[in-house]
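See structure below.
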Amino acid sequence: ADPGLDYVEIVDYGTAAGGGDYYSTVRYLTAQGEDTTEVEMPRERYYWDIVHPKITDEFPTYIDPATGDPADPPTGRFWREFFLTEADSGYPVLGDELAGCLTLWEGNVDTQVNGAIGILTKWVLDVLDFGSGIERPIQPVRIYRLHLGRCGEHADFAAAAGRAALIAVNSSSAPDEDHTWNEFWDERWVAWEPVNNYIDSGWHYEGWGKSFVGVFDWRGDDWTWTATERYTPTCSLTVAATDSAGYPVDGAMVKIARKLGAGNFLLSTWGYTDRDGKVGFTLGDNQNIFVRIESSVGVFPPDVAYRKAVEASVAGEHYLYERPVNGFRPCIPLLPHPIVTPSWDQYRIRVKWAGEEIVYGNCYYGNNTFADREDGSAIEFFILPEGEYATYLAGDTANAHEIHEEADSGDVSFLLPVPENYYVVLSNEEHVRNKQLVGCTVELSRRVTTGVAGAGGVAPARTALRGNEPNPFNPSTAIPFSLAREGRVDLSVYDVRGRLVKGLVAGRMPAGEHEASWDGTDSHGNAVGAGVYFCRLEAAESAWQRKMVLVK
């Protein structure tokens, strides 16, 4: 398309043959007053809102314009090329209308003197009347052939025309007000409804008497997000779903609705909870907002369709609505493994991981499943000896080392205490629907001891962590250790569950005898409780630990 469109060009970065992160996007010209600016579209917008063949609820396939049914070419046509190059008798060809246009948009409101956006607005009005017949088609080429449609047909049609012209366009919907329109992208989403000659003027709808609980935008894989703030003053609402025990429920569908009276509701928008059991919405002001939560774990409310979450919402306010569904999410039965001084210190395992969450959901109007990435993850991490691993696989309570719950990332170093097989487990079992995409590295090190001469004399023959003095202690204790050679040293205090309490030494140190002290506080300077703690020394690819007793 781009050779015939002067306001936009497709740009490529890298090639398939060259490998790596290669992609394409568009670069276009936009005008604001006397100034013309070249803008490069984010590639996510290019692929989702120009390249993607599906707009909302239509079939992304070749369609016979005469019937609206799927058909192989040449009878079947796809809207992208069809709109740019062909026209029914007596109607203009879109590609011809756009020829010679030098800007995507000129920043003007509600006028057709507006670059390619103005030309598209006029073209839609020229080829598509407003009204409805017996047929209500959803396929853009069929809508074109009928030259007739209400707001739904106009929104599908305008989105297809914009994408054919290499302009990122999506559809906006407010189902509880029975209306839909479009937005196009020019460094932000801009309200656009050609049938009413509206460009960057979302305030018109309240002038019609529309009162929006929620407005959502629609991506081709059926993921939706609220865009209410462009059309009315808004509040924000976070819905938090938990199970009956209070644990967060991910992947739950949260429906937002308007009540009509006598138990009748109209759906306004929806979303799906993340790993924390939460999903956020921007919603209209001065609204009574009703919520329903649905999950394979259970539902809320269990006895009625919806429950009121907010009454008379206030612009600028944030509301939190936390409710339990009537069921329990999965749970891994684990107990902390008793920490013992290693009788075998030959091997150390180090595991580093980090990930991101994949939120899954379905369109309310269909069965398509979307997947959307979110920053961060929530992994259950633990290490099991072989016998405990078999217990874990059987679904019984296992004793585990280094338990990290709902961990976004981690860096765990573990000295194998006895010579047997160990299993490192990164689990998503406690989540209901969402997945975790995790990158992980595992290092296995073997201890090697050598004697190295140090500054001022002969270095100790071996690296060692000696017993702290005094022990038991209050309020502080000295922790001596020796280094056989210069190198990286980490000396830290852990509690009996293996959780880090405080780092004492972290950095390179020379060979020789050294001493650190601990004053019984955590990394924030807060005094810790009396009890058993462990001091761990990591140096020269090995680790040692000693038990310390703090008394009060």
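Chain lettering (A, B, ...) mirrors the order of the structure tokens, residue numbering begins at 1 for each chain separately, and ligand numbering begins at 1 in order of display.
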
- Using the chain letters and numbers from this document, which residues of stretch 286-507 of chain A does DSSP assign to helix (DSSP H, G or I), as number ranges by chain? A: 386-393

Output C-alpha atoms for every residue in the selection just made, as a PDB file, in the first residue's frame.
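This went into result-v4.pdb:
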```pdb
ATOM      1  CA  GLU A 386      14.860 -36.830  46.385  1.00  0.00           C
ATOM      2  CA  GLY A 387      12.578 -38.419  48.967  1.00  0.00           C
ATOM      3  CA  GLU A 388      10.681 -35.183  49.547  1.00  0.00           C
ATOM      4  CA  TYR A 389      10.367 -34.688  45.785  1.00  0.00           C
ATOM      5  CA  ALA A 390       8.501 -37.999  45.527  1.00  0.00           C
ATOM      6  CA  THR A 391       6.233 -36.849  48.360  1.00  0.00           C
ATOM      7  CA  TYR A 392       5.572 -33.581  46.524  1.00  0.00           C
ATOM      8  CA  LEU A 393       4.689 -35.388  43.275  1.00  0.00           C
TER       9      LEU A 393
END
```

- Give the answer as one residue: which of A:Glu153, A:Ala539, A:Arg466, A:Thr397 has the shortest atom-to-atom distance to A:Leu415, using only C-alpha atoms? A:Ala539

Closest pair table for stretch 136-240 of chain A residues within 9 Å of stretch 7-20 of chain A, only C-alpha atoms, as a tab-separated table:
```
residue	atom	partner	partner_atom	distance
A:Ala165	CA	A:Val8	CA	8.9
A:Leu166	CA	A:Val8	CA	7.3
A:Ile167	CA	A:Val8	CA	8.7
```

What's the 10 Å shell around A:Ala354, counting only C-alpha atoms, without same-chain residues fewer than 4 positions away, as a short mmCIF file (atom, residue, chain, number, x, y, z; two decimals) with C-alpha atoms, in the first residue's frame?
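What follows is the written file around29.cif:
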```
data_model
loop_
_atom_site.label_atom_id
_atom_site.label_comp_id
_atom_site.auth_asym_id
_atom_site.auth_seq_id
_atom_site.Cartn_x
_atom_site.Cartn_y
_atom_site.Cartn_z
CA GLY A 376 6.68 -9.27 36.76
CA SER A 377 5.70 -12.79 37.70
CA ALA A 378 4.75 -14.88 40.73
CA ILE A 379 6.57 -18.20 41.01
CA ALA A 407 8.44 -14.60 43.88
CA ASP A 408 8.86 -12.16 41.00
CA SER A 409 12.56 -13.04 40.66
CA GLY A 410 15.29 -14.57 42.74
CA ASP A 411 18.94 -15.44 43.24
CA GLN A 436 4.42 -17.38 34.04
CA LEU A 437 7.10 -17.01 31.38
CA VAL A 438 10.35 -17.57 33.28
CA GLY A 439 14.01 -17.35 32.33
CA CYS A 440 16.24 -19.40 34.63
CA THR A 441 19.95 -20.20 34.99
#
```

- Message: Excluding A:Leu267 and its own-chain neighbours fewer than 5 positions away, which residues fall within 12 Å of it when counting only C-alpha atoms? Please give them as a PyMOL selection string.
- Response: chain A and resi 173-178+212-216+254-260+289-292+305-306+364-365

Can I get the selection written as a JSON list (two decimals), in the first residue's frame, with C-alpha atoms?
```
[["chain", "number", "residue", "atom", "x", "y", "z"],
["A", 173, "SER", "CA", -17.57, 0.44, 22.57],
["A", 174, "ALA", "CA", -20.05, 1.40, 25.27],
["A", 175, "PRO", "CA", -22.52, -1.52, 25.20],
["A", 176, "ASP", "CA", -24.61, -0.26, 28.10],
["A", 177, "GLU", "CA", -25.32, 2.86, 25.99],
["A", 178, "ASP", "CA", -25.67, 0.83, 22.76],
["A", 212, "PHE", "CA", -20.95, 6.15, 30.42],
["A", 213, "VAL", "CA", -20.19, 3.64, 33.14],
["A", 214, "GLY", "CA", -17.36, 2.30, 31.01],
["A", 215, "VAL", "CA", -15.96, 2.64, 27.49],
["A", 216, "PHE", "CA", -13.53, 0.00, 26.25],
["A", 254, "VAL", "CA", -14.59, -9.28, 36.39],
["A", 255, "LYS", "CA", -17.74, -7.80, 34.84],
["A", 256, "ILE", "CA", -18.77, -4.18, 35.32],
["A", 257, "ALA", "CA", -22.44, -3.36, 34.79],
["A", 258, "ARG", "CA", -25.16, -0.73, 35.00],
["A", 259, "LYS", "CA", -28.40, -1.59, 36.78],
["A", 260, "LEU", "CA", -31.62, -0.87, 34.90],
["A", 289, "ILE", "CA", -21.23, 0.57, 39.59],
["A", 290, "PHE", "CA", -22.06, -3.12, 39.90],
["A", 291, "VAL", "CA", -19.54, -5.98, 39.87],
["A", 292, "ARG", "CA", -19.55, -9.71, 39.24],
["A", 305, "ALA", "CA", -26.18, -11.54, 39.31],
["A", 306, "TYR", "CA", -24.24, -8.46, 40.49],
["A", 364, "TYR", "CA", -17.53, -11.69, 26.47],
["A", 365, "TYR", "CA", -19.07, -11.79, 22.99]]
```

- Message: Under the rule that only C-alpha atoms are counted, which of A:Trp185, A:Arg329, A:Arg350, A:Val359 is the nearest residue to A:Ala245?
- Response: A:Arg329

- Message: as a PyMOL selection string, please: every residue in stretch 216-364 of chain A that a backbone DSSP assignment puts in strand (DSSP E).
- Response: chain A and resi 216-218+224-226+234-242+253-261+264-272+278-284+289-294+299-300+307-310+318-324+334-336+347-362

- Message: For A:Gly498, find every residue with an atom within 8 Å (counting only C-alpha atoms), except residues of its own chain fewer than 4 positions away, and show them as a PyMOL selection string.
- Response: chain A and resi 401-403+494

Who sits within 10 Å of stretch 317-326 of chain A, only C-alpha atoms, same chain under 4 positions skipped, as an mmCIF file with C-alpha atoms, in the first residue's frame:
```cif
data_model
loop_
_atom_site.group_PDB
_atom_site.id
_atom_site.type_symbol
_atom_site.label_atom_id
_atom_site.label_comp_id
_atom_site.auth_asym_id
_atom_site.auth_seq_id
_atom_site.Cartn_x
_atom_site.Cartn_y
_atom_site.Cartn_z
ATOM 1 C CA THR A 234 -13.674 9.358 35.548
ATOM 2 C CA CYS A 235 -12.875 7.550 38.745
ATOM 3 C CA SER A 236 -10.726 4.451 39.002
ATOM 4 C CA LEU A 237 -11.820 1.102 40.409
ATOM 5 C CA THR A 238 -9.598 -1.818 41.378
ATOM 6 C CA VAL A 239 -11.408 -5.117 41.913
ATOM 7 C CA ALA A 240 -9.495 -7.676 43.975
ATOM 8 C CA ALA A 241 -10.667 -11.298 43.831
ATOM 9 C CA THR A 242 -9.667 -13.749 46.541
ATOM 10 C CA ASP A 243 -10.608 -17.313 47.352
ATOM 11 C CA SER A 244 -12.480 -18.241 50.512
ATOM 12 C CA ALA A 245 -9.190 -18.384 52.427
ATOM 13 C CA GLY A 246 -8.165 -14.892 51.352
ATOM 14 C CA TYR A 247 -5.576 -15.880 48.720
ATOM 15 C CA PRO A 248 -5.603 -13.921 45.418
ATOM 16 C CA VAL A 249 -7.386 -15.535 42.461
ATOM 17 C CA ALA A 252 -10.947 -14.330 37.081
ATOM 18 C CA GLY A 277 -6.047 -11.155 41.957
ATOM 19 C CA LYS A 278 -6.527 -7.547 40.801
ATOM 20 C CA GLY A 280 -8.237 -2.025 37.254
ATOM 21 C CA PHE A 281 -10.799 0.057 35.362
ATOM 22 C CA THR A 282 -11.361 3.740 34.567
ATOM 23 C CA ASP A 285 -18.437 9.631 37.422
ATOM 24 C CA VAL A 291 -19.538 -5.979 39.875
ATOM 25 C CA ARG A 292 -19.548 -9.713 39.235
ATOM 26 C CA ILE A 293 -16.513 -12.053 39.552
ATOM 27 C CA GLU A 294 -16.389 -15.387 37.708
ATOM 28 C CA SER A 295 -13.638 -18.017 37.989
ATOM 29 C CA SER A 296 -13.230 -21.772 37.782
ATOM 30 C CA VAL A 297 -12.609 -21.524 41.542
ATOM 31 C CA GLY A 298 -15.987 -19.928 42.242
ATOM 32 C CA VAL A 299 -18.111 -16.800 41.750
ATOM 33 C CA PHE A 300 -19.127 -13.645 43.568
ATOM 34 C CA PRO A 301 -21.843 -12.924 44.368
ATOM 35 C CA PRO A 302 -23.093 -16.524 44.562
ATOM 36 C CA LYS A 308 -23.050 -2.837 44.019
ATOM 37 C CA ALA A 309 -19.387 -1.854 44.424
ATOM 38 C CA VAL A 310 -19.608 1.942 44.167
ATOM 39 C CA SER A 313 -18.926 7.529 41.847
#
```

- Message: Need the shell around stretch 223-231 of chain A: protein/DNA/RNA residues with any atom at most 8 Å away, counting only C-alpha atoms. Skip same-chain ones fewer than 3 positions apart. Format as a VMD selection string?
- Response: chain A and resid 172 191 202 to 203 205 to 206 212 to 220 234 269 to 271 281 to 284 361 to 363 370 to 372

Residues just named, written with N, CA and C atoms as a CSV table (one decimal), in the first residue's frame:
```
chain,number,residue,atom,x,y,z
A,172,SER,N,-14.0,1.5,19.6
A,172,SER,CA,-14.4,1.8,21.0
A,172,SER,C,-15.9,1.4,21.2
A,191,ALA,N,-10.3,10.1,19.5
A,191,ALA,CA,-11.7,9.8,19.2
A,191,ALA,C,-12.0,10.1,17.7
A,202,GLY,N,-14.5,13.8,21.9
A,202,GLY,CA,-15.2,12.8,22.6
A,202,GLY,C,-16.3,13.4,23.5
A,203,TRP,N,-16.3,14.7,23.8
A,203,TRP,CA,-17.3,15.3,24.6
A,203,TRP,C,-18.7,15.3,24.0
A,205,TYR,N,-20.7,13.0,23.1
A,205,TYR,CA,-21.6,11.9,23.5
A,205,TYR,C,-22.4,12.3,24.7
A,206,GLU,N,-21.8,12.9,25.7
A,206,GLU,CA,-22.6,13.3,26.8
A,206,GLU,C,-23.6,14.4,26.4
A,212,PHE,N,-21.8,7.3,30.5
A,212,PHE,CA,-20.9,6.1,30.4
A,212,PHE,C,-20.5,5.6,31.8
A,213,VAL,N,-20.8,4.4,32.0
A,213,VAL,CA,-20.2,3.6,33.1
A,213,VAL,C,-18.8,3.3,32.7
A,214,GLY,N,-18.7,2.7,31.5
A,214,GLY,CA,-17.4,2.3,31.0
A,214,GLY,C,-17.3,2.3,29.5
A,215,VAL,N,-16.2,2.7,28.9
A,215,VAL,CA,-16.0,2.6,27.5
A,215,VAL,C,-14.7,1.8,27.3
A,216,PHE,N,-14.7,0.8,26.4
A,216,PHE,CA,-13.5,0.0,26.2
A,216,PHE,C,-13.1,0.0,24.8
A,217,ASP,N,-11.8,-0.2,24.6
A,217,ASP,CA,-11.2,-0.4,23.3
A,217,ASP,C,-10.9,-1.8,23.1
A,218,TRP,N,-10.8,-2.2,21.8
A,218,TRP,CA,-10.8,-3.6,21.5
A,218,TRP,C,-9.6,-4.0,20.6
A,219,ARG,N,-8.8,-4.9,21.0
A,219,ARG,CA,-7.7,-5.4,20.2
A,219,ARG,C,-8.1,-6.6,19.4
A,220,GLY,N,-7.4,-6.9,18.4
A,220,GLY,CA,-7.8,-8.0,17.4
A,220,GLY,C,-7.9,-9.4,18.0
A,234,THR,N,-13.8,10.8,35.1
A,234,THR,CA,-13.7,9.4,35.5
A,234,THR,C,-13.2,9.2,37.0
A,269,THR,N,-18.3,-3.2,30.7
A,269,THR,CA,-17.0,-3.6,30.3
A,269,THR,C,-16.6,-4.8,31.2
A,270,TRP,N,-15.4,-5.3,30.9
A,270,TRP,CA,-14.9,-6.4,31.7
A,270,TRP,C,-13.4,-6.5,31.7
A,271,GLY,N,-12.8,-7.3,32.5
A,271,GLY,CA,-11.4,-7.4,32.6
A,271,GLY,C,-11.0,-8.7,33.3
A,281,PHE,N,-9.9,-0.6,36.4
A,281,PHE,CA,-10.8,0.1,35.4
A,281,PHE,C,-10.8,1.6,35.6
A,282,THR,N,-11.0,2.3,34.5
A,282,THR,CA,-11.4,3.7,34.6
A,282,THR,C,-12.8,3.8,34.2
A,283,LEU,N,-13.7,4.4,35.1
A,283,LEU,CA,-15.1,4.4,34.9
A,283,LEU,C,-15.7,5.7,35.1
A,284,GLY,N,-16.9,5.9,34.6
A,284,GLY,CA,-17.5,7.3,34.6
A,284,GLY,C,-17.9,7.7,36.0
A,361,GLY,N,-7.6,-14.6,28.9
A,361,GLY,CA,-9.1,-14.3,29.1
A,361,GLY,C,-9.8,-14.6,27.8
A,362,ASN,N,-11.1,-14.4,27.9
A,362,ASN,CA,-12.0,-14.6,26.7
A,362,ASN,C,-12.8,-13.3,26.5
A,363,CYS,N,-13.2,-13.1,25.2
A,363,CYS,CA,-14.1,-12.0,24.9
A,363,CYS,C,-15.5,-12.4,25.4
A,370,PHE,N,-7.5,-14.6,24.5
A,370,PHE,CA,-6.4,-13.7,24.3
A,370,PHE,C,-5.3,-14.0,25.4
A,371,ALA,N,-4.1,-13.6,25.1
A,371,ALA,CA,-3.0,-13.7,26.0
A,371,ALA,C,-2.2,-12.4,26.0
A,372,ASP,N,-2.1,-11.8,27.2
A,372,ASP,CA,-1.5,-10.4,27.3
A,372,ASP,C,-0.4,-10.5,28.3
```
